[in-house]
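The data block below is coords-v7.txt; it holds compact mmCIF, C-alpha atoms and all ligand atoms.
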# COMPACT_ATOMS: atom_id res chain seq x y z
CA MET E 170 9.18 0.79 53.44
CA LYS E 171 5.63 0.35 52.14
CA TYR E 172 5.83 3.61 50.18
CA LEU E 173 9.22 2.66 48.74
CA PHE E 174 7.69 -0.53 47.33
CA LEU E 175 4.74 1.45 45.91
CA LEU E 176 7.16 3.90 44.26
CA LEU E 177 9.09 1.01 42.75
CA VAL E 178 5.85 -0.48 41.33
CA ILE E 179 4.88 2.88 39.80
CA LEU E 180 8.32 3.26 38.21
CA VAL E 181 8.13 -0.24 36.75
CA VAL E 182 4.66 0.51 35.30
CA ILE E 183 5.90 3.79 33.73
CA TRP E 184 8.92 1.98 32.31
CA ALA E 185 6.69 -0.77 30.88
CA ILE E 186 4.35 1.78 29.22
CA LYS E 187 7.28 3.68 27.68
CA ARG E 188 8.82 0.45 26.44
CA SER E 189 5.58 -0.74 24.83
CA ARG E 190 5.09 2.63 23.07
CA ILE E 191 8.58 2.44 21.55
CA GLY E 192 7.79 -1.07 20.33
CA ASP E 193 4.47 0.00 18.75
CA THR E 194 5.71 2.97 16.74
CA PRO E 195 8.45 2.19 14.24
CA ASN E 196 11.41 4.54 14.05
CA PRO E 197 10.68 7.05 11.26
CA LYS E 198 14.38 7.50 10.60
CA ASN E 199 14.63 3.88 9.42
CA ASP E 200 11.53 4.10 7.20
CA THR E 201 12.46 7.09 5.04
CA PRO E 202 15.89 7.30 3.42
CA ALA E 203 17.87 10.47 4.10
CA ALA E 204 18.15 11.44 0.45
CA THR E 205 15.89 10.06 -2.27
CA PRO E 206 17.93 9.74 -5.44
CA SER E 207 15.99 11.27 -8.33
CA ASN E 208 15.91 9.62 -11.72
CA MET E 209 18.61 11.15 -13.92
CA VAL E 210 18.12 11.61 -17.66
CA ILE E 211 20.48 12.76 -20.40
CA CYS E 212 19.79 15.66 -22.75
CA ALA E 213 19.58 14.25 -26.28
CA HIS E 214 21.16 17.45 -27.68
CA CYS E 215 24.10 18.33 -25.38
CA GLY E 216 24.36 15.15 -23.31
CA ILE E 217 24.11 16.84 -19.89
CA HIS E 218 22.72 14.79 -16.96
CA LEU E 219 19.73 16.32 -15.17
CA PRO E 220 16.89 15.18 -12.87
CA GLN E 221 13.88 13.82 -14.74
CA GLU E 222 11.51 16.37 -13.14
CA GLU E 223 13.58 19.22 -14.65
CA ALA E 224 13.88 17.63 -18.08
CA VAL E 225 11.89 18.76 -21.14
CA SER E 226 10.42 15.84 -23.05
CA GLY E 227 10.29 15.69 -26.82
CA VAL E 228 9.22 13.15 -29.44
CA LYS E 229 12.77 11.87 -29.98
CA GLY E 230 13.95 12.07 -26.36
CA THR E 231 14.43 14.25 -23.31
CA TYR E 232 16.23 17.61 -23.25
CA CYS E 233 17.65 19.95 -20.62
CA SER E 234 15.71 22.95 -21.99
CA THR E 235 13.15 23.90 -24.63
CA GLU E 236 15.98 25.64 -26.53
CA HIS E 237 17.82 22.35 -26.95
CA ARG E 238 14.59 20.60 -27.95
CA SER E 239 14.13 23.22 -30.68
CA ALA E 240 17.83 22.96 -31.65
CA ALA E 241 17.43 19.20 -32.08
CA GLN E 242 14.41 19.93 -34.33
CA ASP E 243 12.11 18.13 -31.90
CA ARG E 244 8.75 19.25 -30.55
CA ASN E 245 6.51 18.79 -27.51
CA PRO E 246 4.96 15.30 -27.69
CA ALA E 247 1.73 16.50 -26.04
ZN ZN Y 301 20.88 20.22 -23.49
Could I get this structure in the form of structure tokens?
Amino acid sequence: MKYLFLLLVILVVIWAIKRSRIGDTPNPKNDTPAATPSNMVICAHCGIHLPQEEAVSGVKGTYCSTEHRSAAQDRNPA
């Protein structure tokens, strides 16, 4: 009976440690969204929607490709 009580105490301590660890570390699933929506831009020449990181920037606006920037008689702003 003495050992049963000791076992129960150990189990409670383990449970308490596990519970406190869960409380300390926030759930990473709730912090980061599943899919980050990228900023969409429109090509000034053909009007297609594309992510901003894939867009080609010009003086007059953004384009889907360097060909369309040239076709719109625009140039690299840099
Ligand atoms: Zn285009």
Each residue of chain E lying at most 6 Å from ligand ZN 301 (chain Y) should get a row with its shortest atom-to-atom pair and the distance in Å to one decimal, counting all atoms listed in the file; could you produce that, ordered by chain and increasing number, as a Markdown table?
| residue | atom | partner | partner_atom | distance |
| --- | --- | --- | --- | --- |
| E:Cys212 | CA | Y:ZN301 | ZN | 4.7 |
| E:His214 | CA | Y:ZN301 | ZN | 5.0 |
| E:Cys215 | CA | Y:ZN301 | ZN | 4.2 |
| E:Ile217 | CA | Y:ZN301 | ZN | 5.9 |
| E:Tyr232 | CA | Y:ZN301 | ZN | 5.3 |
| E:Cys233 | CA | Y:ZN301 | ZN | 4.3 |
| E:His237 | CA | Y:ZN301 | ZN | 5.1 |
Residues from last step as file, C-alpha atoms, as a PDB file, in the coordinates of the input:
ATOM      1  CA  CYS E 212      19.790  15.660 -22.750  1.00  0.00           C
ATOM      2  CA  HIS E 214      21.160  17.450 -27.680  1.00  0.00           C
ATOM      3  CA  CYS E 215      24.100  18.330 -25.380  1.00  0.00           C
ATOM      4  CA  ILE E 217      24.110  16.840 -19.890  1.00  0.00           C
ATOM      5  CA  TYR E 232      16.230  17.610 -23.250  1.00  0.00           C
ATOM      6  CA  CYS E 233      17.650  19.950 -20.620  1.00  0.00           C
ATOM      7  CA  HIS E 237      17.820  22.350 -26.950  1.00  0.00           C
TER       8      HIS E 237
END
Nearest candidate to E:Gly227 (options E:Asn245, E:Ala240, E:Arg188, E:Lys171; using only C-alpha atoms):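 Of E:Asn245, E:Ala240, E:Arg188, E:Lys171, the one nearest E:Gly227, counting only C-alpha atoms, is E:Asn245.
One distance worth recording is that between atom CA of E:Ala247 and atom CA of E:His218, which is 22.9 Å.
Across the structure, atom CA of E:Ser189 and atom CA of E:Tyr172 are spaced 25.7 Å apart.
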Atom pair atom CA of E:Val210 / atom CA of E:Ser234: separation (Å): 12.4 Å
Residue list as a ChimeraX atom specification for point (13.0, 16.4, -31.0), cut-off 7 Å, all atoms listed in the file: /E:227-230,238-239,241-244
